[in-house]
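Shown next: model-v6.pdb, containing PDB, C-alpha atoms, pLDDT in the B column.
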```pdb
ATOM      1  CA  MET A   1      11.355  25.671  20.860  1.00 56.00           C
ATOM      2  CA  MET A   2      13.758  27.737  22.953  1.00 78.00           C
ATOM      3  CA  PHE A   3      14.990  31.295  22.510  1.00 82.00           C
ATOM      4  CA  PHE A   4      18.376  30.757  20.878  1.00 84.00           C
ATOM      5  CA  ALA A   5      17.007  28.059  18.590  1.00 87.00           C
ATOM      6  CA  HIS A   6      14.420  30.512  17.286  1.00 91.00           C
ATOM      7  CA  MET A   7      17.070  33.174  16.788  1.00 90.00           C
ATOM      8  CA  VAL A   8      19.333  30.829  14.826  1.00 89.00           C
ATOM      9  CA  ILE A   9      16.480  30.045  12.439  1.00 92.00           C
ATOM     10  CA  GLY A  10      15.756  33.765  12.086  1.00 93.00           C
ATOM     11  CA  LEU A  11      19.403  34.516  11.354  1.00 91.00           C
ATOM     12  CA  ILE A  12      19.582  31.749   8.769  1.00 91.00           C
ATOM     13  CA  ALA A  13      16.485  33.116   7.033  1.00 94.00           C
ATOM     14  CA  GLY A  14      17.981  36.600   7.179  1.00 93.00           C
ATOM     15  CA  PHE A  15      21.264  35.509   5.613  1.00 90.00           C
ATOM     16  CA  ILE A  16      19.399  33.703   2.843  1.00 92.00           C
ATOM     17  CA  LEU A  17      17.484  36.893   2.068  1.00 94.00           C
ATOM     18  CA  TYR A  18      20.720  38.868   2.287  1.00 90.00           C
ATOM     19  CA  GLU A  19      22.184  36.761  -0.507  1.00 88.00           C
ATOM     20  CA  VAL A  20      19.161  37.688  -2.617  1.00 90.00           C
ATOM     21  CA  TYR A  21      18.706  41.381  -1.775  1.00 87.00           C
ATOM     22  CA  HIS A  22      22.209  42.294  -0.510  1.00 86.00           C
ATOM     23  CA  ASP A  23      20.664  44.263   2.332  1.00 88.00           C
ATOM     24  CA  GLN A  24      22.121  43.673   5.793  1.00 87.00           C
ATOM     25  CA  ASN A  25      18.962  44.986   7.434  1.00 91.00           C
ATOM     26  CA  VAL A  26      16.981  41.883   6.495  1.00 94.00           C
ATOM     27  CA  ILE A  27      19.146  39.808   8.836  1.00 92.00           C
ATOM     28  CA  ILE A  28      18.359  42.048  11.795  1.00 92.00           C
ATOM     29  CA  PHE A  29      14.627  42.192  11.157  1.00 95.00           C
ATOM     30  CA  CYS A  30      14.299  38.450  10.543  1.00 95.00           C
ATOM     31  CA  ALA A  31      16.150  37.785  13.795  1.00 94.00           C
ATOM     32  CA  ILE A  32      13.894  40.214  15.665  1.00 95.00           C
ATOM     33  CA  GLY A  33      10.765  38.623  14.236  1.00 96.00           C
ATOM     34  CA  SER A  34      11.954  35.129  15.099  1.00 95.00           C
ATOM     35  CA  VAL A  35      11.998  35.899  18.840  1.00 95.00           C
ATOM     36  CA  LEU A  36       9.359  38.647  19.006  1.00 95.00           C
ATOM     37  CA  PRO A  37       6.413  36.345  19.895  1.00 94.00           C
ATOM     38  CA  ASP A  38       8.170  35.128  23.041  1.00 92.00           C
ATOM     39  CA  ILE A  39       9.509  38.571  23.952  1.00 92.00           C
ATOM     40  CA  VAL A  40       5.971  39.989  23.902  1.00 93.00           C
ATOM     41  CA  ASP A  41       3.734  37.085  24.890  1.00 90.00           C
ATOM     42  CA  LYS A  42       5.600  35.743  27.890  1.00 87.00           C
ATOM     43  CA  PRO A  43       5.675  39.011  29.890  1.00 87.00           C
ATOM     44  CA  LEU A  44       2.202  39.896  28.622  1.00 86.00           C
ATOM     45  CA  GLY A  45       0.548  36.599  29.453  1.00 82.00           C
ATOM     46  CA  LEU A  46       2.513  35.620  32.552  1.00 80.00           C
ATOM     47  CA  ILE A  47       2.939  39.009  34.234  1.00 81.00           C
ATOM     48  CA  VAL A  48       0.665  41.747  32.893  1.00 83.00           C
ATOM     49  CA  LEU A  49      -2.380  39.538  32.233  1.00 81.00           C
ATOM     50  CA  LYS A  50      -1.507  36.733  34.637  1.00 75.00           C
ATOM     51  CA  SER A  51      -4.751  37.058  36.584  1.00 70.00           C
ATOM     52  CA  VAL A  52      -6.898  36.440  33.494  1.00 72.00           C
ATOM     53  CA  LEU A  53      -4.672  34.387  31.183  1.00 74.00           C
ATOM     54  CA  ASP A  54      -1.489  33.028  32.771  1.00 69.00           C
ATOM     55  CA  ALA A  55      -0.387  31.715  29.373  1.00 77.00           C
ATOM     56  CA  SER A  56       2.880  32.025  27.454  1.00 79.00           C
ATOM     57  CA  ARG A  57       1.682  31.572  23.872  1.00 85.00           C
ATOM     58  CA  ILE A  58      -1.066  34.042  23.180  1.00 89.00           C
ATOM     59  CA  TYR A  59      -1.577  36.995  20.844  1.00 92.00           C
ATOM     60  CA  PHE A  60       1.769  37.167  19.056  1.00 94.00           C
ATOM     61  CA  HIS A  61       1.606  33.426  18.471  1.00 94.00           C
ATOM     62  CA  SER A  62      -1.636  33.876  16.513  1.00 95.00           C
ATOM     63  CA  LEU A  63      -2.196  34.187  12.788  1.00 96.00           C
ATOM     64  CA  VAL A  64      -4.081  37.450  13.340  1.00 95.00           C
ATOM     65  CA  ILE A  65      -0.960  39.261  14.549  1.00 96.00           C
ATOM     66  CA  LEU A  66       1.051  37.684  11.742  1.00 97.00           C
ATOM     67  CA  PHE A  67      -1.548  38.929   9.258  1.00 97.00           C
ATOM     68  CA  LEU A  68      -1.397  42.452  10.732  1.00 96.00           C
ATOM     69  CA  PHE A  69       2.385  42.510  10.361  1.00 97.00           C
ATOM     70  CA  LEU A  70       2.082  41.204   6.816  1.00 96.00           C
ATOM     71  CA  LEU A  71      -0.475  43.841   5.832  1.00 97.00           C
ATOM     72  CA  THR A  72       1.589  46.578   7.453  1.00 96.00           C
ATOM     73  CA  GLY A  73       4.668  45.208   5.726  1.00 96.00           C
ATOM     74  CA  LEU A  74       3.016  45.403   2.318  1.00 96.00           C
ATOM     75  CA  PHE A  75       1.937  48.981   3.041  1.00 95.00           C
ATOM     76  CA  VAL A  76       5.406  50.013   4.245  1.00 95.00           C
ATOM     77  CA  TRP A  77       7.030  48.303   1.260  1.00 94.00           C
ATOM     78  CA  ARG A  78       4.643  49.954  -1.192  1.00 93.00           C
ATOM     79  CA  TYR A  79       4.916  53.501   0.118  1.00 91.00           C
ATOM     80  CA  TYR A  80       8.255  53.620   1.964  1.00 89.00           C
ATOM     81  CA  HIS A  81      10.255  50.954   0.104  1.00 88.00           C
ATOM     82  CA  SER A  82      11.263  49.269   3.358  1.00 91.00           C
ATOM     83  CA  ASN A  83      11.182  45.510   3.900  1.00 92.00           C
ATOM     84  CA  SER A  84      11.430  45.797   7.687  1.00 94.00           C
ATOM     85  CA  PHE A  85       7.897  44.695   8.557  1.00 96.00           C
ATOM     86  CA  LEU A  86       7.868  41.945   5.937  1.00 96.00           C
ATOM     87  CA  CYS A  87      11.068  40.475   7.378  1.00 96.00           C
ATOM     88  CA  VAL A  88       9.662  40.681  10.898  1.00 97.00           C
ATOM     89  CA  ALA A  89       6.521  38.941   9.629  1.00 97.00           C
ATOM     90  CA  LEU A  90       8.677  36.181   8.153  1.00 97.00           C
ATOM     91  CA  GLY A  91      10.452  35.775  11.486  1.00 96.00           C
ATOM     92  CA  ILE A  92       7.129  35.580  13.338  1.00 97.00           C
ATOM     93  CA  PHE A  93       5.864  32.997  10.854  1.00 97.00           C
ATOM     94  CA  LEU A  94       8.976  30.848  11.327  1.00 96.00           C
ATOM     95  CA  HIS A  95       8.587  31.135  15.089  1.00 96.00           C
ATOM     96  CA  GLN A  96       5.001  29.915  14.917  1.00 96.00           C
ATOM     97  CA  ILE A  97       5.928  27.049  12.617  1.00 95.00           C
ATOM     98  CA  LEU A  98       8.764  25.930  14.896  1.00 93.00           C
ATOM     99  CA  ASP A  99       6.389  26.088  17.870  1.00 92.00           C
ATOM    100  CA  PHE A 100       4.006  23.723  16.020  1.00 93.00           C
ATOM    101  CA  MET A 101       1.173  26.149  16.634  1.00 94.00           C
ATOM    102  CA  TRP A 102      -1.226  24.039  14.580  1.00 93.00           C
ATOM    103  CA  ASN A 103      -1.237  21.694  17.572  1.00 92.00           C
ATOM    104  CA  SER A 104      -2.911  24.529  19.516  1.00 90.00           C
ATOM    105  CA  PRO A 105      -5.562  25.710  17.051  1.00 91.00           C
ATOM    106  CA  ASP A 106      -7.404  27.748  19.697  1.00 89.00           C
ATOM    107  CA  ARG A 107      -4.271  29.880  20.061  1.00 90.00           C
ATOM    108  CA  TRP A 108      -3.123  29.904  16.448  1.00 94.00           C
ATOM    109  CA  PHE A 109      -6.538  30.866  15.069  1.00 93.00           C
ATOM    110  CA  TYR A 110      -7.525  33.083  17.991  1.00 90.00           C
ATOM    111  CA  PRO A 111     -10.118  34.622  18.333  1.00 87.00           C
ATOM    112  CA  PHE A 112     -12.051  32.575  15.761  1.00 90.00           C
ATOM    113  CA  LEU A 113     -12.186  29.379  17.841  1.00 87.00           C
ATOM    114  CA  GLY A 114     -13.161  31.004  21.109  1.00 81.00           C
ATOM    115  CA  PRO A 115     -11.260  32.438  24.092  1.00 78.00           C
ATOM    116  CA  TYR A 116      -7.966  31.228  25.479  1.00 76.00           C
ATOM    117  CA  GLN A 117      -7.962  28.488  28.063  1.00 71.00           C
ATOM    118  CA  VAL A 118      -6.512  29.731  31.338  1.00 68.00           C
ATOM    119  CA  GLU A 119      -3.343  27.922  32.399  1.00 66.00           C
ATOM    120  CA  GLU A 120      -1.362  27.795  35.616  1.00 67.00           C
ATOM    121  CA  HIS A 121       2.401  28.366  35.617  1.00 62.00           C
ATOM    122  CA  ASP A 122       4.216  28.359  38.943  1.00 65.00           C
ATOM    123  CA  ASN A 123       7.680  29.955  38.890  1.00 64.00           C
ATOM    124  CA  TYR A 124       7.548  29.921  35.106  1.00 63.00           C
ATOM    125  CA  PHE A 125      10.494  32.221  34.418  1.00 60.00           C
ATOM    126  CA  PHE A 126      12.721  30.378  36.876  1.00 61.00           C
ATOM    127  CA  ARG A 127      11.844  27.043  35.289  1.00 65.00           C
ATOM    128  CA  VAL A 128      12.468  28.457  31.811  1.00 62.00           C
ATOM    129  CA  LEU A 129      15.830  29.852  32.903  1.00 63.00           C
ATOM    130  CA  VAL A 130      16.865  26.502  34.363  1.00 65.00           C
ATOM    131  CA  SER A 131      15.653  24.740  31.231  1.00 65.00           C
ATOM    132  CA  GLU A 132      17.604  27.121  29.001  1.00 62.00           C
ATOM    133  CA  LEU A 133      20.818  26.797  30.998  1.00 64.00           C
ATOM    134  CA  SER A 134      20.580  23.024  31.318  1.00 68.00           C
ATOM    135  CA  SER A 135      19.767  22.355  27.671  1.00 68.00           C
ATOM    136  CA  PRO A 136      22.837  21.308  25.640  1.00 70.00           C
ATOM    137  CA  THR A 137      21.093  22.253  22.397  1.00 72.00           C
ATOM    138  CA  GLU A 138      20.597  25.826  23.599  1.00 68.00           C
ATOM    139  CA  TRP A 139      24.329  26.153  24.249  1.00 68.00           C
ATOM    140  CA  VAL A 140      24.977  24.773  20.778  1.00 76.00           C
ATOM    141  CA  PHE A 141      22.564  27.307  19.274  1.00 69.00           C
ATOM    142  CA  LEU A 142      24.145  30.124  21.294  1.00 73.00           C
ATOM    143  CA  LEU A 143      27.568  29.094  20.014  1.00 80.00           C
ATOM    144  CA  ALA A 144      26.155  28.969  16.485  1.00 76.00           C
ATOM    145  CA  ILE A 145      24.801  32.508  16.887  1.00 75.00           C
ATOM    146  CA  LEU A 146      28.181  33.785  18.071  1.00 78.00           C
ATOM    147  CA  VAL A 147      29.971  32.054  15.190  1.00 77.00           C
ATOM    148  CA  ILE A 148      27.469  33.436  12.663  1.00 72.00           C
ATOM    149  CA  LEU A 149      27.745  36.972  14.016  1.00 71.00           C
ATOM    150  CA  LEU A 150      31.533  36.785  14.231  1.00 74.00           C
ATOM    151  CA  GLY A 151      31.813  35.471  10.689  1.00 70.00           C
ATOM    152  CA  ALA A 152      29.418  38.104   9.377  1.00 65.00           C
ATOM    153  CA  GLY A 153      31.266  40.860  11.229  1.00 67.00           C
ATOM    154  CA  ILE A 154      34.628  39.800   9.821  1.00 66.00           C
ATOM    155  CA  SER A 155      33.196  39.520   6.314  1.00 65.00           C
ATOM    156  CA  TRP A 156      31.588  42.956   6.414  1.00 63.00           C
ATOM    157  CA  TYR A 157      34.699  44.498   7.957  1.00 61.00           C
ATOM    158  CA  GLN A 158      36.857  43.154   5.150  1.00 60.00           C
ATOM    159  CA  LYS A 159      34.405  44.426   2.548  1.00 59.00           C
ATOM    160  CA  ARG A 160      34.027  47.900   4.042  1.00 57.00           C
ATOM    161  CA  PRO A 161      34.446  50.659   1.457  1.00 55.00           C
ATOM    162  CA  VAL A 162      37.661  52.645   1.342  1.00 48.00           C
ATOM    163  CA  ILE A 163      35.798  55.854   0.566  1.00 47.00           C
ATOM    164  CA  VAL A 164      33.844  57.002   3.596  1.00 49.00           C
ATOM    165  CA  PRO A 165      30.866  58.721   1.907  1.00 52.00           C
ATOM    166  CA  ASP A 166      28.481  56.010   0.723  1.00 58.00           C
ATOM    167  CA  PRO A 167      24.917  57.096  -0.100  1.00 63.00           C
ATOM    168  CA  LEU A 168      23.709  53.485  -0.328  1.00 63.00           C
ATOM    169  CA  ARG A 169      25.044  52.636   3.120  1.00 70.00           C
ATOM    170  CA  GLU A 170      23.515  55.801   4.532  1.00 75.00           C
ATOM    171  CA  ARG A 171      20.127  54.894   3.052  1.00 79.00           C
ATOM    172  CA  GLN A 172      20.371  51.395   4.518  1.00 78.00           C
ATOM    173  CA  GLN A 173      21.203  52.823   7.933  1.00 82.00           C
ATOM    174  CA  HIS A 174      18.283  55.221   7.688  1.00 82.00           C
ATOM    175  CA  ARG A 175      15.952  52.356   6.763  1.00 84.00           C
ATOM    176  CA  LEU A 176      17.339  50.290   9.634  1.00 86.00           C
ATOM    177  CA  TYR A 177      16.736  52.975  12.253  1.00 86.00           C
ATOM    178  CA  SER A 178      13.350  53.976  10.885  1.00 89.00           C
ATOM    179  CA  GLY A 179      12.368  50.312  10.576  1.00 90.00           C
ATOM    180  CA  LEU A 180      13.378  49.543  14.153  1.00 88.00           C
ATOM    181  CA  LEU A 181      11.468  52.573  15.383  1.00 90.00           C
ATOM    182  CA  GLY A 182       8.427  51.662  13.307  1.00 91.00           C
ATOM    183  CA  VAL A 183       8.375  48.053  14.505  1.00 92.00           C
ATOM    184  CA  ALA A 184       8.834  49.144  18.126  1.00 91.00           C
ATOM    185  CA  ILE A 185       5.954  51.621  17.901  1.00 92.00           C
ATOM    186  CA  PHE A 186       3.744  49.052  16.163  1.00 92.00           C
ATOM    187  CA  VAL A 187       4.462  46.399  18.801  1.00 93.00           C
ATOM    188  CA  LEU A 188       3.839  48.920  21.579  1.00 91.00           C
ATOM    189  CA  PHE A 189       0.555  49.975  19.981  1.00 92.00           C
ATOM    190  CA  LEU A 190      -0.620  46.370  19.614  1.00 91.00           C
ATOM    191  CA  SER A 191       0.394  45.521  23.181  1.00 88.00           C
ATOM    192  CA  LEU A 192      -1.406  48.530  24.646  1.00 88.00           C
ATOM    193  CA  ALA A 193      -4.481  47.791  22.543  1.00 88.00           C
ATOM    194  CA  ILE A 194      -4.494  44.218  23.848  1.00 84.00           C
ATOM    195  CA  ILE A 195      -4.014  45.248  27.481  1.00 82.00           C
ATOM    196  CA  PHE A 196      -6.461  48.147  27.665  1.00 83.00           C
ATOM    197  CA  LEU A 197      -9.001  47.429  24.923  1.00 76.00           C
ATOM    198  CA  TRP A 198      -9.199  43.856  23.701  1.00 75.00           C
ATOM    199  CA  GLN A 199      -8.463  41.794  26.817  1.00 67.00           C
ATOM    200  CA  PRO A 200     -10.881  43.666  29.145  1.00 60.00           C
ATOM    201  CA  TYR A 201     -13.563  43.247  26.472  1.00 58.00           C
ATOM    202  CA  GLN A 202     -12.845  39.524  26.269  1.00 63.00           C
ATOM    203  CA  THR A 203     -12.869  39.189  30.050  1.00 53.00           C
ATOM    204  CA  VAL A 204     -16.294  40.804  30.265  1.00 48.00           C
ATOM    205  CA  LEU A 205     -17.643  38.467  27.596  1.00 50.00           C
ATOM    206  CA  ILE A 206     -16.266  35.405  29.351  1.00 48.00           C
TER     207      ILE A 206
END
```

Can the structure in the file be given as structure tokens, please?
Amino acid sequence: MMFFAHMVIGLIAGFILYEVYHDQNVIIFCAIGSVLPDIVDKPLGLIVLKSVLDASRIYFHSLVILFLFLLTGLFVWRYYHSNSFLCVALGIFLHQILDFMWNSPDRWFYPFLGPYQVEEHDNYFFRVLVSELSSPTEWVFLLAILVILLGAGISWYQKRPVIVPDPLRERQQHRLYSGLLGVAIFVLFLSLAIIFLWQPYQTVLI
């Protein structure tokens, strides 16, 4: 499934959770999680590790990474009362489901079913760009995203508090910024571990 389609699903999941928890941050983190596997795996597999993998659905499309986010999310929720990682984990899970990852068990259950199979992708990013721009459904999903964001922005603007000081809003903003920073650091750590520790080890074994 393509980028904007994934993001629409993430936004929908986020808005559903918002109706339950009344926390705007869940929308952002679900949306991030819904596109995170492609944001990480495509540059990682097709640029950084192209010589050994040349694949677009690798580590962040696996259940292992999902499990790590889920465990981290439970820890962060328990000790810091933030749902950021759990929402990102939900987005990643939805992404994997929409990519039908069970049809690629060697990737979904990696590394338990053996190493990745090396692929060949010529001019991958150009072909993806052309595919995105020429797909009517992607334009529909992009329009849906803009409508959703516009509607949400208008709704929140109309409901903004008259009194400026709002401790609850300040706490939500703090959780948003700290959550974004935490997720970014976690993703960076996992990516560096894959590039410099795990993948060289796998290459030697192969």

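Going from CA of Leu180 in chain A to CA of Tyr110 in chain A covers 26.9 Å.
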
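Residue nearest Val52 in chain A, chosen from A:Gly10, A:His81, A:Pro115, A:Ile185 and counting all atoms listed in the file: A:Pro115.
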
Neighbours of point (12.6, 37.0, 13.8) within 10 Å, using all atoms listed in the file, written as number ranges by chain: A: 6-11, 13-14, 26-37, 87-95

Expand the PyMOL selection byres ((chain A and resi 58) around 8) into the explicit residue set it covers here, and present it as number ranges by chain. A: 41, 45, 55-57, 59-62, 107, 116

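A straight line drawn from CA of Phe69 in chain A to CA of Ala144 in chain A is 28.0 Å long.
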
Between A:Ile97, A:Ile12, A:Ile47, A:Leu70, which has the minimum distance to Ile148 in chain A (counting all atoms listed in the file)? A:Ile12

Rounded to one decimal place, report the CA of Ile39 in chain A-CA of Phe67 in chain A distance in Å. 18.4 Å

Residues within 12 Å of Thr72 in chain A, please, as JSON, numbers by chain. Count all atoms listed in the file; anything in the same chain fewer than 6 positions from it doesn't count. {"A": [65, 66, 78, 79, 80, 82, 83, 84, 85, 86, 87, 88, 89, 179, 182, 183, 186, 187]}

Write out the residues from the selection above, keeping C-alpha atoms, as a PDB file, in the frame of the given file.
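Printed below is part-v8.pdb as written:
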```
ATOM      1  CA  ILE A  65      -0.960  39.261  14.549  1.00 96.00           C
ATOM      2  CA  LEU A  66       1.051  37.684  11.742  1.00 97.00           C
ATOM      3  CA  ARG A  78       4.643  49.954  -1.192  1.00 93.00           C
ATOM      4  CA  TYR A  79       4.916  53.501   0.118  1.00 91.00           C
ATOM      5  CA  TYR A  80       8.255  53.620   1.964  1.00 89.00           C
ATOM      6  CA  SER A  82      11.263  49.269   3.358  1.00 91.00           C
ATOM      7  CA  ASN A  83      11.182  45.510   3.900  1.00 92.00           C
ATOM      8  CA  SER A  84      11.430  45.797   7.687  1.00 94.00           C
ATOM      9  CA  PHE A  85       7.897  44.695   8.557  1.00 96.00           C
ATOM     10  CA  LEU A  86       7.868  41.945   5.937  1.00 96.00           C
ATOM     11  CA  CYS A  87      11.068  40.475   7.378  1.00 96.00           C
ATOM     12  CA  VAL A  88       9.662  40.681  10.898  1.00 97.00           C
ATOM     13  CA  ALA A  89       6.521  38.941   9.629  1.00 97.00           C
ATOM     14  CA  GLY A 179      12.368  50.312  10.576  1.00 90.00           C
ATOM     15  CA  GLY A 182       8.427  51.662  13.307  1.00 91.00           C
ATOM     16  CA  VAL A 183       8.375  48.053  14.505  1.00 92.00           C
ATOM     17  CA  PHE A 186       3.744  49.052  16.163  1.00 92.00           C
ATOM     18  CA  VAL A 187       4.462  46.399  18.801  1.00 93.00           C
TER      19      VAL A 187
END
```

Would you mind telling me which residue in A:Gly114, A:Leu44, A:Asp38, A:Gly73 lies nearest to Leu190 in chain A when using only C-alpha atoms? A:Leu44

Mind telling me what the PyMOL selection byres ((chain A and resi 4) around 8) catches here, as a PDB file with C-alpha atoms, in the frame of the given file?
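Written out: out_37.pdb:
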```pdb
ATOM      1  CA  MET A   2      13.758  27.737  22.953  1.00 78.00           C
ATOM      2  CA  PHE A   3      14.990  31.295  22.510  1.00 82.00           C
ATOM      3  CA  ALA A   5      17.007  28.059  18.590  1.00 87.00           C
ATOM      4  CA  HIS A   6      14.420  30.512  17.286  1.00 91.00           C
ATOM      5  CA  MET A   7      17.070  33.174  16.788  1.00 90.00           C
ATOM      6  CA  VAL A   8      19.333  30.829  14.826  1.00 89.00           C
ATOM      7  CA  GLU A 138      20.597  25.826  23.599  1.00 68.00           C
ATOM      8  CA  PHE A 141      22.564  27.307  19.274  1.00 69.00           C
ATOM      9  CA  LEU A 142      24.145  30.124  21.294  1.00 73.00           C
ATOM     10  CA  ILE A 145      24.801  32.508  16.887  1.00 75.00           C
TER      11      ILE A 145
END
```

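Candidate residues A:Lys50, A:Leu63, A:Ser191, A:Asn25 were compared for distance to Tyr177 in chain A, and the nearest is A:Asn25, using all atoms listed in the file.
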
Please enclose the listed atoms of range 106-112 of chain A in an axis-aligned box, pad each side by 6 Å, and write out the centre and the three edge lengths in Å, rounded to one decimal, as AutoDock Vina command-line options.
```
--center_x -7.6 --center_y 31.2 --center_z 17.6 --size_x 20.9 --size_y 18.9 --size_z 17.0
```

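If you measure from each of A:Val40, A:Val48, A:Ile16, A:Leu53 to Gln117 in chain A using only C-alpha atoms, the closest one turns out to be A:Leu53.
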